Each structure stands twice: as C-alpha cells, then as structure tokens.
>>> print(open('model.txt').read())   # compact mmCIF, C-alpha atoms
# COMPACT_ATOMS: atom_id res chain seq x y z
CA MET E 183 101.38 123.88 90.07
CA THR E 184 101.36 121.60 87.06
CA PRO E 185 104.38 119.47 87.99
CA ASN E 186 102.85 119.14 91.47
CA LEU E 187 99.61 117.96 89.97
CA VAL E 188 101.37 115.40 87.80
CA SER E 189 103.53 114.05 90.63
CA GLY E 190 100.44 114.01 92.89
CA LEU E 191 98.45 112.00 90.38
CA PHE E 192 101.41 109.69 89.93
CA ALA E 193 101.66 109.12 93.70
CA LEU E 194 97.93 108.37 93.91
CA LEU E 195 98.20 105.92 91.01
CA GLU E 196 101.11 104.22 92.75
CA GLY E 197 98.96 103.95 95.87
CA LEU E 198 96.13 102.51 93.80
CA GLY E 199 98.57 99.95 92.41
CA ARG E 200 99.49 98.80 95.93
CA THR E 201 95.79 98.77 96.89
CA LEU E 202 95.07 96.52 93.90
CA LEU E 203 98.00 94.27 94.79
CA ILE E 204 97.00 93.60 98.41
CA SER E 205 93.29 93.42 97.47
CA GLY E 206 94.04 90.95 94.68
CA ILE E 207 96.01 88.61 96.93
CA GLY E 208 93.55 89.09 99.81
CA ILE E 209 90.50 88.38 97.66
CA ALA E 210 92.13 85.29 96.08
CA LEU E 211 93.13 83.98 99.50
CA GLY E 212 89.68 84.72 100.93
CA LEU E 213 87.90 83.00 98.05
CA ALA E 214 90.15 79.92 98.18
CA LEU E 215 89.93 79.52 101.96
CA GLY E 216 86.23 80.34 101.91
CA MET E 217 85.47 77.74 99.26
CA VAL E 218 87.34 74.99 101.14
CA MET E 219 85.91 75.95 104.53
CA GLY E 220 82.44 76.36 103.02
CA ALA E 221 82.73 72.83 101.61
CA VAL E 222 83.71 71.47 105.05
CA ARG E 223 80.76 73.30 106.61
CA HIS E 224 78.44 71.95 103.92
CA ALA E 225 79.67 68.38 104.42
CA ARG E 226 79.26 68.83 108.21
CA ILE E 227 82.57 67.12 108.93
CA PRO E 228 82.52 66.83 112.74
CA VAL E 229 84.89 68.97 114.86
CA LEU E 230 86.38 70.64 111.77
CA SER E 231 83.00 72.11 110.84
CA GLN E 232 82.46 73.51 114.35
CA ALA E 233 85.99 74.88 114.44
CA ILE E 234 85.36 76.70 111.15
CA ALA E 235 82.04 78.08 112.40
CA CYS E 236 83.92 79.40 115.42
CA TYR E 237 86.59 80.96 113.19
CA ALA E 238 83.96 82.61 110.99
CA ASN E 239 82.09 84.04 113.99
CA VAL E 240 85.22 85.47 115.61
CA PHE E 241 86.43 87.14 112.41
CA ARG E 242 82.99 88.49 111.49
CA CYS E 243 82.18 89.86 114.94
CA THR E 244 85.41 91.77 115.50
CA PRO E 245 86.65 94.82 113.57
CA LEU E 246 89.07 94.18 110.72
CA LEU E 247 91.12 97.12 111.95
CA VAL E 248 91.77 95.42 115.30
CA GLN E 249 92.69 92.19 113.51
CA VAL E 250 95.16 94.09 111.33
CA VAL E 251 96.75 95.85 114.29
CA MET E 252 96.86 92.55 116.19
CA LEU E 253 98.63 90.73 113.34
CA TYR E 254 101.18 93.50 113.00
CA PHE E 255 101.86 94.55 116.60
CA ALA E 256 101.00 91.51 118.74
CA LEU E 257 102.24 88.56 116.67
CA PRO E 258 105.93 89.59 117.01
CA ASP E 259 105.53 88.86 120.75
CA LEU E 260 104.71 85.28 119.76
CA GLY E 261 107.75 85.15 117.49
CA ILE E 262 105.94 85.79 114.18
CA LYS E 263 107.15 88.92 112.46
CA LEU E 264 105.21 90.08 109.40
CA THR E 265 105.96 93.05 107.16
CA ALA E 266 103.25 95.66 106.55
CA PHE E 267 102.70 94.16 103.09
CA GLU E 268 102.34 90.60 104.41
CA THR E 269 100.04 91.78 107.19
CA SER E 270 97.86 93.65 104.70
CA TRP E 271 97.03 90.80 102.35
CA LEU E 272 96.95 88.18 105.09
CA ALA E 273 94.50 90.21 107.20
CA LEU E 274 92.26 90.91 104.19
CA GLY E 275 92.37 87.23 103.21
CA LEU E 276 91.66 85.79 106.67
CA TRP E 277 88.90 88.30 107.37
CA GLY E 278 87.30 87.86 103.94
CA ALA E 279 87.51 84.07 104.22
CA ALA E 280 85.17 84.18 107.22
CA TYR E 281 82.47 85.82 105.08
CA HIS E 282 83.20 83.78 101.94
CA THR E 283 82.87 80.58 104.02
CA GLU E 284 79.27 81.41 104.90
CA ILE E 285 78.53 82.52 101.32
CA PHE E 286 79.83 79.28 99.79
CA ARG E 287 78.16 77.16 102.46
CA ALA E 288 74.86 78.81 101.50
CA GLY E 289 75.70 78.37 97.80
CA PHE E 290 76.41 74.64 98.18
CA GLY E 291 73.26 74.36 100.30
CA ALA E 292 71.20 75.96 97.52
CA VAL E 293 71.93 73.11 95.11
CA ASP E 294 68.90 70.89 94.60
CA PRO E 295 69.59 67.69 96.62
CA ASN E 296 67.89 65.70 93.86
CA GLU E 297 70.74 66.59 91.52
CA VAL E 298 73.19 65.00 93.94
CA LEU E 299 70.89 61.99 94.43
CA ALA E 300 70.70 61.49 90.67
CA ALA E 301 74.50 61.58 90.41
CA ARG E 302 74.80 59.06 93.25
CA ALA E 303 72.20 56.83 91.54
CA LEU E 304 74.39 56.89 88.41
CA GLY E 305 77.18 55.40 90.52
CA MET E 306 79.22 58.49 91.40
CA SER E 307 80.90 58.37 94.80
CA ALA E 308 79.89 61.03 97.32
CA PRO E 309 83.11 63.07 96.90
CA ARG E 310 82.86 62.77 93.11
CA ALA E 311 79.24 63.96 93.20
CA PHE E 312 80.23 66.85 95.45
CA LEU E 313 83.05 67.94 93.14
CA ASP E 314 81.18 67.42 89.86
CA ILE E 315 77.65 68.42 90.82
CA THR E 316 77.51 70.47 94.03
CA VAL E 317 80.62 72.60 93.45
CA PRO E 318 79.90 73.75 89.87
CA LEU E 319 76.28 74.61 90.68
CA GLY E 320 76.94 75.96 94.17
CA VAL E 321 79.77 78.23 93.07
CA ARG E 322 77.53 79.67 90.37
CA ALA E 323 74.88 80.39 92.97
CA ALA E 324 77.48 82.06 95.20
CA ILE E 325 78.87 84.45 92.55
CA PRO E 326 76.73 87.53 93.36
CA ALA E 327 77.24 87.41 97.13
CA SER E 328 80.94 86.59 96.93
CA THR E 329 81.41 89.47 94.47
CA THR E 330 79.83 91.86 96.96
CA MET E 331 82.23 90.55 99.60
CA ALA E 332 85.21 90.81 97.25
CA ILE E 333 84.33 94.48 96.65
CA THR E 334 84.04 95.00 100.41
CA GLN E 335 87.50 93.45 100.80
CA PHE E 336 88.84 95.80 98.13
CA ARG E 337 87.41 98.84 99.91
CA SER E 338 88.60 97.61 103.30
CA SER E 339 92.17 97.50 102.03
CA SER E 340 92.12 101.18 103.07
CA PHE E 341 92.36 100.00 106.72
CA MET E 342 95.98 99.06 106.06
CA ILE E 343 96.80 102.70 106.74
CA ALA E 344 96.95 101.50 110.37
CA VAL E 345 100.15 99.53 109.73
CA GLY E 346 101.63 102.16 107.42
CA TYR E 347 101.29 100.22 104.20
CA GLN E 348 101.33 102.88 101.50
CA GLU E 349 98.09 102.06 99.68
CA LEU E 350 95.71 104.59 98.14
CA THR E 351 94.12 105.89 101.36
CA TYR E 352 97.52 106.22 103.05
CA VAL E 353 98.87 108.24 100.11
CA ALA E 354 95.74 110.42 99.92
CA ASN E 355 95.76 111.06 103.67
CA ARG E 356 99.43 112.07 103.57
CA MET E 357 98.84 114.31 100.58
CA VAL E 358 95.93 116.10 102.25
CA ALA E 359 97.96 116.60 105.42
CA ASP E 360 100.71 118.19 103.30
CA THR E 361 98.73 120.21 100.74
CA PHE E 362 95.29 120.75 102.37
CA GLN E 363 93.67 120.02 99.01
CA VAL E 364 90.94 118.04 100.75
CA PHE E 365 88.33 117.98 98.01
CA GLN E 366 90.64 117.29 95.06
CA VAL E 367 92.68 114.54 96.70
CA PHE E 368 89.88 112.66 98.44
CA GLY E 369 87.71 113.22 95.36
CA MET E 370 90.31 111.48 93.20
CA ALA E 371 90.75 108.65 95.72
CA ALA E 372 86.98 108.16 96.04
CA LEU E 373 86.66 108.11 92.26
CA ALA E 374 89.36 105.44 92.02
CA TYR E 375 87.56 103.25 94.59
CA LEU E 376 84.24 103.75 92.79
CA VAL E 377 85.65 102.92 89.36
CA VAL E 378 87.42 99.75 90.50
CA SER E 379 84.38 98.59 92.54
CA ASN E 380 82.18 99.00 89.48
CA LEU E 381 84.69 97.22 87.25
CA ILE E 382 84.70 94.24 89.64
CA ALA E 383 80.89 94.24 89.68
CA MET E 384 80.74 94.39 85.87
CA ALA E 385 83.30 91.60 85.47
CA SER E 386 81.31 89.47 87.89
CA ARG E 387 78.07 90.04 85.99
CA SER E 388 79.63 89.00 82.69
CA LEU E 389 81.20 85.97 84.39
CA GLU E 390 77.77 85.05 85.73
CA LYS E 391 76.33 85.33 82.21
CA ALA E 392 79.20 83.34 80.66
CA VAL E 393 78.87 80.37 83.00
CA GLU E 394 75.08 80.40 83.19
CA VAL E 395 73.58 76.91 82.85
CA PRO E 396 70.73 77.13 80.30
CA GLY E 397 67.39 76.36 81.87
CA LEU E 398 68.82 76.34 85.38
CA GLY E 399 68.04 79.93 86.30
CA ALA E 400 66.21 78.63 89.36
CA VAL E 401 69.49 77.91 91.20
CA LYS E 402 69.76 81.01 93.30
CA MET V 626 102.65 85.50 137.98
CA ASN V 627 102.90 89.22 138.17
CA ALA V 628 99.70 90.88 137.03
CA GLU V 629 100.00 94.31 138.57
CA TRP V 630 99.92 95.94 135.13
CA THR V 631 96.31 94.86 134.55
CA GLY V 632 94.66 97.35 136.96
CA PRO V 633 95.76 100.67 135.42
CA VAL V 634 95.49 99.23 131.90
CA ALA V 635 91.94 98.06 132.50
CA SER V 636 90.85 101.40 133.95
CA HIS V 637 92.36 103.34 131.05
CA MET V 638 90.74 100.99 128.54
CA LEU V 639 87.36 101.33 130.27
CA GLY V 640 87.58 105.02 129.39
CA GLY V 641 88.32 103.97 125.81
CA LEU V 642 85.37 101.58 125.82
CA TRP V 643 83.11 104.41 126.97
CA VAL V 644 84.24 106.52 123.98
CA THR V 645 83.69 103.55 121.63
CA LEU V 646 80.16 103.03 122.98
CA ARG V 647 79.35 106.75 122.69
CA VAL V 648 80.71 106.96 119.14
CA SER V 649 78.85 103.77 118.15
CA LEU V 650 75.56 104.97 119.61
CA LEU V 651 75.77 108.46 118.10
CA THR V 652 76.84 107.09 114.71
CA THR V 653 73.97 104.60 114.79
CA LEU V 654 71.41 107.29 115.62
CA VAL V 655 72.58 109.75 112.95
CA ALA V 656 73.08 107.03 110.30
CA THR V 657 69.61 105.60 110.99
CA ALA V 658 68.01 109.02 110.71
CA ILE V 659 69.82 109.71 107.42
CA GLY V 660 69.15 106.20 106.13
CA VAL V 661 65.43 106.11 106.82
CA ALA V 662 64.87 109.65 105.50
CA VAL V 663 66.89 109.06 102.33
CA GLY V 664 65.37 105.59 101.86
CA ALA V 665 61.89 107.14 102.04
CA PHE V 666 62.87 109.78 99.49
CA CYS V 667 63.66 106.95 97.05
CA ALA V 668 59.90 106.53 96.73
CA SER V 669 59.72 110.10 95.39
CA THR V 670 58.54 110.52 91.82
CA ARG V 671 60.43 113.78 91.24
CA PRO V 672 63.38 113.04 88.95
CA GLY V 673 65.63 115.61 90.66
CA VAL V 674 65.09 114.12 94.12
CA LYS V 675 65.45 110.61 92.76
CA PHE V 676 68.76 111.44 91.10
CA ALA V 677 70.21 113.19 94.17
CA VAL V 678 69.20 110.33 96.46
CA ARG V 679 70.60 107.71 94.08
CA ALA V 680 73.86 109.64 93.71
CA TYR V 681 74.29 109.95 97.49
CA ILE V 682 73.65 106.23 98.05
CA ASP V 683 75.89 105.03 95.22
CA VAL V 684 78.81 107.34 95.99
CA PHE V 685 78.90 106.81 99.75
CA ARG V 686 78.26 103.06 99.58
CA GLY V 687 80.99 102.77 96.97
CA VAL V 688 83.87 104.33 98.89
CA PRO V 689 85.63 103.00 102.00
CA SER V 690 84.24 104.19 105.34
CA LEU V 691 87.75 105.38 106.19
CA ILE V 692 87.75 107.73 103.17
CA THR V 693 84.49 109.41 104.22
CA LEU V 694 85.77 109.65 107.81
CA LEU V 695 89.07 111.24 106.77
CA PHE V 696 87.26 113.47 104.27
CA VAL V 697 84.92 114.91 106.90
CA PHE V 698 87.79 115.14 109.41
CA PHE V 699 89.83 117.31 107.03
CA ALA V 700 86.99 119.05 105.18
CA LEU V 701 85.17 120.50 108.22
CA PRO V 702 88.05 122.72 109.38
CA HIS V 703 88.71 123.54 105.71
CA ILE V 704 85.28 125.13 105.35
CA GLY V 705 85.63 126.88 108.69
CA ILE V 706 83.85 124.48 111.07
CA SER V 707 86.10 123.40 113.91
CA THR V 708 84.93 120.34 115.81
CA GLY V 709 86.71 117.69 117.78
CA PRO V 710 87.85 114.46 116.13
CA ILE V 711 84.95 112.58 117.77
CA THR V 712 82.25 114.75 116.16
CA ALA V 713 84.00 114.61 112.79
CA SER V 714 84.34 110.82 113.06
CA VAL V 715 80.68 110.36 113.97
CA LEU V 716 79.63 112.54 111.05
CA GLY V 717 81.95 110.80 108.59
CA LEU V 718 80.91 107.30 109.64
CA ALA V 719 77.22 108.27 109.76
CA LEU V 720 77.30 109.62 106.20
CA TRP V 721 78.75 106.30 105.08
CA GLY V 722 76.47 104.14 107.25
CA GLY V 723 73.46 106.26 106.28
CA ALA V 724 73.95 105.39 102.62
CA ASN V 725 74.06 101.67 103.45
CA ILE V 726 70.99 101.87 105.66
CA ALA V 727 69.19 103.94 102.99
CA GLU V 728 69.77 101.18 100.45
CA THR V 729 68.35 98.60 102.88
CA ALA V 730 65.37 100.83 103.66
CA ARG V 731 64.74 101.38 99.96
CA GLY V 732 64.86 97.65 99.30
CA ALA V 733 62.41 96.98 102.13
CA LEU V 734 60.04 99.73 100.97
CA VAL V 735 59.89 98.62 97.33
CA SER V 736 59.30 95.03 98.45
CA ILE V 737 55.87 96.11 99.71
CA SER V 738 53.26 95.94 96.97
CA PRO V 739 52.35 99.40 95.61
CA HIS V 740 48.68 98.43 96.02
CA GLN V 741 49.12 98.93 99.77
CA ALA V 742 50.01 102.60 99.30
CA ARG V 743 47.27 103.06 96.72
CA ALA V 744 44.67 101.51 99.03
CA ALA V 745 45.76 103.83 101.82
CA ARG V 746 45.52 106.82 99.46
CA ALA V 747 42.05 105.69 98.41
CA LEU V 748 41.03 105.74 102.07
CA GLY V 749 41.94 109.43 102.11
CA MET V 750 45.41 109.26 103.66
CA SER V 751 47.96 111.80 102.48
CA ARG V 752 51.03 110.50 100.63
CA PHE V 753 53.10 110.99 103.78
CA ASP V 754 50.57 109.22 106.01
CA ALA V 755 50.30 106.34 103.54
CA LEU V 756 54.08 105.91 103.60
CA VAL V 757 54.46 106.18 107.37
CA PHE V 758 51.34 104.34 108.56
CA ALA V 759 50.65 101.83 105.77
CA VAL V 760 53.90 100.96 104.00
CA MET V 761 56.63 101.48 106.62
CA PRO V 762 55.18 99.17 109.32
CA GLN V 763 55.00 96.36 106.77
CA ALA V 764 58.46 97.10 105.41
CA LEU V 765 59.92 97.06 108.95
CA ARG V 766 59.95 93.25 109.10
CA ARG V 767 62.16 93.05 106.03
CA PHE V 768 64.25 96.03 107.09
CA LEU V 769 65.24 94.81 110.55
CA PRO V 770 67.46 91.76 109.88
CA PRO V 771 69.88 93.50 107.49
CA TYR V 772 69.66 96.71 109.53
CA ILE V 773 70.87 94.94 112.68
CA GLY V 774 73.67 93.42 110.60
CA GLN V 775 74.63 96.94 109.55
CA LEU V 776 74.66 98.07 113.17
CA THR V 777 77.41 95.53 113.90
CA VAL V 778 79.34 96.94 110.91
CA LEU V 779 78.94 100.48 112.31
CA ILE V 780 80.01 99.41 115.81
CA GLN V 781 83.08 97.77 114.31
CA ALA V 782 83.72 100.86 112.16
CA SER V 783 83.92 102.97 115.33
CA ALA V 784 87.44 101.51 115.75
CA LEU V 785 88.45 103.61 112.71
CA THR V 786 88.22 106.73 114.88
CA SER V 787 91.55 105.70 116.40
CA VAL V 788 93.11 106.52 113.00
CA VAL V 789 92.32 110.23 113.53
CA GLY V 790 93.58 110.13 117.09
CA VAL V 791 90.44 109.44 119.12
CA THR V 792 91.22 107.48 122.30
CA ASP V 793 88.58 104.83 121.76
CA LEU V 794 88.95 101.21 122.87
CA LEU V 795 91.57 100.46 120.22
CA GLY V 796 93.31 103.80 120.74
CA SER V 797 93.51 103.32 124.50
CA ALA V 798 94.83 99.78 124.01
CA ARG V 799 97.55 101.11 121.77
CA GLN V 800 98.53 103.82 124.27
CA MET V 801 98.76 101.26 127.06
CA ILE V 802 100.94 98.94 124.98
CA GLU V 803 103.27 101.82 124.15
CA ARG V 804 103.52 102.78 127.81
CA LEU V 805 104.12 99.20 128.97
CA ALA V 806 106.78 98.79 126.30
CA TYR V 807 108.42 101.95 127.64
CA VAL V 808 108.41 101.05 131.35
CA SER V 809 109.06 97.32 131.06
CA ASN V 810 110.31 94.93 128.43
CA ASP V 811 106.97 93.18 128.07
CA ALA V 812 104.20 95.19 126.36
CA HIS V 813 101.55 92.46 126.81
CA ALA V 814 100.32 93.32 123.31
CA VAL V 815 98.74 89.90 122.77
CA GLU V 816 96.66 90.01 125.94
CA ILE V 817 95.59 93.62 125.45
CA TYR V 818 94.58 93.27 121.79
CA CYS V 819 92.81 89.99 122.57
CA SER V 820 90.76 91.80 125.21
CA VAL V 821 89.80 94.43 122.58
CA LEU V 822 88.71 91.66 120.21
CA ALA V 823 86.76 90.02 123.06
CA VAL V 824 84.88 93.23 123.89
CA PHE V 825 83.81 93.76 120.27
CA PHE V 826 82.84 90.10 120.00
CA VAL V 827 80.68 90.27 123.12
CA ILE V 828 78.85 93.30 121.69
CA CYS V 829 78.51 92.16 118.07
CA TYR V 830 77.90 88.40 118.37
CA PRO V 831 74.48 88.70 120.10
CA LEU V 832 73.43 91.26 117.49
CA THR V 833 74.47 88.84 114.71
CA LEU V 834 72.46 86.06 116.34
CA LEU V 835 69.44 88.38 116.63
CA SER V 836 69.76 89.37 112.97
CA ASP V 837 69.99 85.70 111.88
CA HIS V 838 67.01 84.82 114.09
CA LEU V 839 64.82 87.58 112.61
CA GLU V 840 65.94 86.60 109.12
CA ARG V 841 64.93 82.96 109.68
CA ARG V 842 61.59 83.99 111.18
CA LEU V 843 60.94 86.15 108.14
CA ARG V 844 61.58 83.24 105.77
CA SER V 845 59.37 80.73 107.56
>>> encode(input="model.txt", output="structure tokens")
Amino acid sequence: MTPNLVSGLFALLEGLGRTLLISGIGIALGLALGMVMGAVRHARIPVLSQAIACYANVFRCTPLLVQVVMLYFALPDLGIKLTAFETSWLALGLWGAAYHTEIFRAGFGAVDPNEVLAARALGMSAPRAFLDITVPLGVRAAIPASTTMAITQFRSSSFMIAVGYQELTYVANRMVADTFQVFQVFGMAALAYLVVSNLIAMASRSLEKAVEVPGLGAVK
Amino acid sequence: MNAEWTGPVASHMLGGLWVTLRVSLLTTLVATAIGVAVGAFCASTRPGVKFAVRAYIDVFRGVPSLITLLFVFFALPHIGISTGPITASVLGLALWGGANIAETARGALVSISPHQARAARALGMSRFDALVFAVMPQALRRFLPPYIGQLTVLIQASALTSVVGVTDLLGSARQMIERLAYVSNDAHAVEIYCSVLAVFFVICYPLTLLSDHLERRLRS
C-alpha cells in the first residue's frame, strides 16, 4: 500500500507540474494578448477594434472545451498540426485573451481623462501619454479582475483532458478509474487546485500593495 | 459540391443539441436552487451554519468544474447510487455552479442596507418574511446581471458532459466525425466543429448582451 501511495502522489505531482506549465504559458499569453488588444480597443482604432471585439465575443460565447477540441482535431484538416501540449497552452491563451482584453479595456477606461490631458498639456505625444500615463494606471486598476481570470484559466487547464494532455485532472481521472479511490484522489487534486488558486490570489494582492500609487486609491 | 453527408449528421447532432439543452436547463434549475438557498443562509448568524456555507462556497468555487463533475460521476456508484452519466453530470455541474451563484446571491444580499431588514422586522415580519419580501426583491436587481453571466458559463460547461461519455452536442459531433472519417477520407471536422461553436454562440451571445444591458441599466 505504501509504495502505491508514494507513486500515486508522485504521479499527481507530475500532473500538477504539467498543469502549472500549460497554465503559466497560457496565462502569460492571455495577459500579453489581452493587454495589446485592450489597448487597441481603448484607442478605438477603426476596423482593428471591431475585429478584436468580434474575436472577444466569439471566444467568450463558446465553450473552451469545444475550442480545444477544434484546435486539436479540426486544424489538421487545414494543414496545421499541433501537439496536445501546444494545443493546451494555445487554447488557454487565446480563450483567456478574450476576457483579458475586456478587463484591460475597462482598466484603461477607468483612468481619469484629466491625467492624460495634463500629460498632453505638458507636451507629451498621444502615444507617449498612453504608455506613460494610461498604461501604468490602467494596468493597476485591472489587477484584481485579471487575477480572477488568470485563476479561472488555471482551473480550466483541466479541460485539456479532452486532448489527452496528462495534466492533473487527467492523471487523477486515470488513477480513479484504476484504483476506485474516488475520495482520496479527487480530494488531493481538489486540494492542489485550491492551494495554487489561493497562492495566485495572495501573490496578486501583494503585487497590488507593492505597486499602489500613494493617494491614488480612487483609481478602481 | 457533394453535401449528402450533411443530412444524417445534422439529424444526429440535433439529438445531441436536445441533450445539451436538457442538461443546461436541469443544471441551471438545480444550481439556482442551491445558489439562492445557500446565499440566503450566508445571512445566518449561527457560526456553525456560516462556517458550513462558507466552506461549501470556497471549496466548490475553487476547484475546476470538471473535477466536481468527475467526482460525482465516480463517487455516486461508489456509495451505492447508480445513475446515468447525465444525472451525475447535472449534479456535478450544479454543485459547482451552485457555489458560484451562492457567492453572487450573497454579494447582492449584503449590498442591501441592513436597515431594510430591521425596518421589516419592526413592522412585525418574521426573519424569513423580511428576507424574502423586503431584502430579496431589492437584491434581485444586483443579482441578475452576474447571474445571467453565470448561466452562459453553465450552458458552456454542459459540453463537459461529453468527457464522461454523454452524447451531447459536442459528443454527437465527435461521433459523426469519427464515422465520416471511417466511411470516407474527409471527416469534415472543421465544418462540424464550427457548427457546434455557432450553436453555442447563438445561445450564449444574446444572454451576454442581456447581462451587459441589465448591468448598464443598474449603473445609470
């Protein structure tokens, strides 16, 4: 029993490692794309802005699971072959970017327009003012919501079971099918998801504190 | 242009759509019942009730929906209850969705000034009547926009049932692609998965618009 327990725990940890890997890449990709697309939406660049709104709506109004399956099983017909690993982080990133876009657009929109006007009055060009005034303040305002989304992305990495990527949920599911230890195995997996989610939330809160602009608590 | 494959595929997928709609509706009903009841219990002053309610919300909101679905799917037969995969899926998704809805309901309820409940109590209403007839109608306006957003999440989550072998819209699409790949060299995976995405979009996009509309009306 004991060697089984140890090897079981080891397998779950390995799964958690893969979950963290695809979540990490997916979250980074989602944040980067979301920030750029949110900026385009905020600047209302014609055509591009509408195209991004369209993208965001399509990805937010369809299930991630279908997107994952589509990337993995339908794209080869169009000549694009992705491995399960590539599909996993790409799907998480593209899906998350749709939500992060709206979050950053709202964040940039929450910046007091007078701040930007003041920067322009001091002679800053519009792009300079956007980069030096709107982005630093807007990103700060977007931290809580984008953290919530990042945690959702992390949890949704479990959907990659559909393409057979061996992340935590895949490993747990396999283990339960083999050993029938439903409560122990899913209990451990759930605990792992809870712990990591809370760690991300805690890290985000201390980041928020660390970059807080004194006297500017009103930017929300 | 040879499109004779579309007829049988469409009729099989209509059956899948019917399952998806049934699962979505049942999940929504059960999750709403759980969510509103648990959300109301958050107002309880008994420490035991408060702790249990908080624990349920935090644990189930913190784990992936797929984990709760798989857990219920495997745990029910384990404790001697044999149900079909559809019932298990509905229960698993509803436990997860219920925790999310409960958190929304709690937020809406505590946003109403406690003076409202006290005034109702002073008029001779029981605690239950004060909650249901004085506080809840006022909280409803704040509850609805995020609640409708959560409904789209639950509808999208119904696609997860295909992981445990339910022939829902996604499951039926997959079966058809496998069969087409078997009988001909073209599986039409792109067209079939795009139609699945389109169906979910047609259902979820209007709900998203409604949620945004209610949210804006609430702010103004």
>>> atom_distance(input="model.txt", atom1="CA of Ser738 in chain V", atom2="CA of Glu840 in chain V")
19.9 Å
>>> closest_residue(input="model.txt", among="V:Arg686, V:Arg746, V:Arg841, V:His740", to="chain E", atoms="only C-alpha atoms")
V:Arg686
>>> interface_residues(input="model.txt", of="chain V", to="chain E", cutoff="8 Å", atoms="only C-alpha atoms", output="PyMOL selection string")
chain V and resi 684+687-689+691-692+695-696+699-700+703+777+781-782+784-785+788+795+814-815+818-819+821-823+825-826+829-830+833
>>> residues_around(input="model.txt", residues="Thr329 in chain E", least_positions_apart="5", cutoff="10 Å", atoms="all atoms listed in the file", output="ChimeraX atom specification")
/E:209,213,282,324,334-335,379,382-387
>>> closest_residue(input="model.txt", among="V:Asp837, V:Ser783, V:Leu843, V:Arg799", to="Leu718 in chain V", atoms="only C-alpha atoms")
V:Ser783
>>> closest_residue(input="model.txt", among="V:Gly709, V:Gly660, V:Pro672, V:Pro739", to="Val791 in chain V", atoms="only C-alpha atoms")
V:Gly709
>>> residues_around(input="model.txt", residues="Met638 in chain V", least_positions_apart="3", cutoff="10 Å", atoms="only C-alpha atoms", output="list in words")
Gly632, Pro633, Val634, Ala635, Gly641, Leu642, Trp643, Val644, Thr792, Asp793, Leu794, Leu795, Gly796, Ser797, Ala798, Arg799, Gln800, Met801, Ile817, Ser820 and Val821 of chain V
>>> atom_distance(input="model.txt", atom1="CA of Asp314 in chain E", atom2="CA of Gly278 in chain E")
25.6 Å
>>> residues_around(input="model.txt", residues="range 221-238 of chain E", least_positions_apart="6", cutoff="12 Å", atoms="all atoms listed in the file", output="VMD selection string")
(chain E and resid 212 to 215 244 276 to 293 308 to 309 312 to 313 316 to 317 320 to 321) or (chain V and resid 826 830 833)
>>> closest_residue(input="model.txt", among="V:Arg671, V:His813, V:Arg844, V:Arg647", to="Ile780 in chain V", atoms="all atoms listed in the file")
V:Arg647
>>> atom_distance(input="model.txt", atom1="CA of Ser636 in chain V", atom2="CA of Arg804 in chain V")
14.1 Å
>>> closest_residue(input="model.txt", among="V:Gln741, V:Ser751, V:Asn725, V:Gln775", to="Asp683 in chain V", atoms="all atoms listed in the file")
V:Asn725
>>> axis_aligned_box(input="model.txt", around="range 258-268 of chain E", padding_each_side="4 Å", output="JSON")
{"center_x": 105.0, "center_y": 90.4, "center_z": 111.9, "size_x": 13.4, "size_y": 18.5, "size_z": 25.7}
>>> residues_around(input="model.txt", residues="Thr653 in chain V", least_positions_apart="4", cutoff="9 Å", atoms="only C-alpha atoms", output="PyMOL selection string")
chain V and resi 648-649+657-658+715+719+722-723+776+779-780
>>> residues_around(input="model.txt", residues="Val345 in chain E", least_positions_apart="3", cutoff="7 Å", atoms="all atoms listed in the file", output="PyMOL selection string")
chain E and resi 251+254+266+342
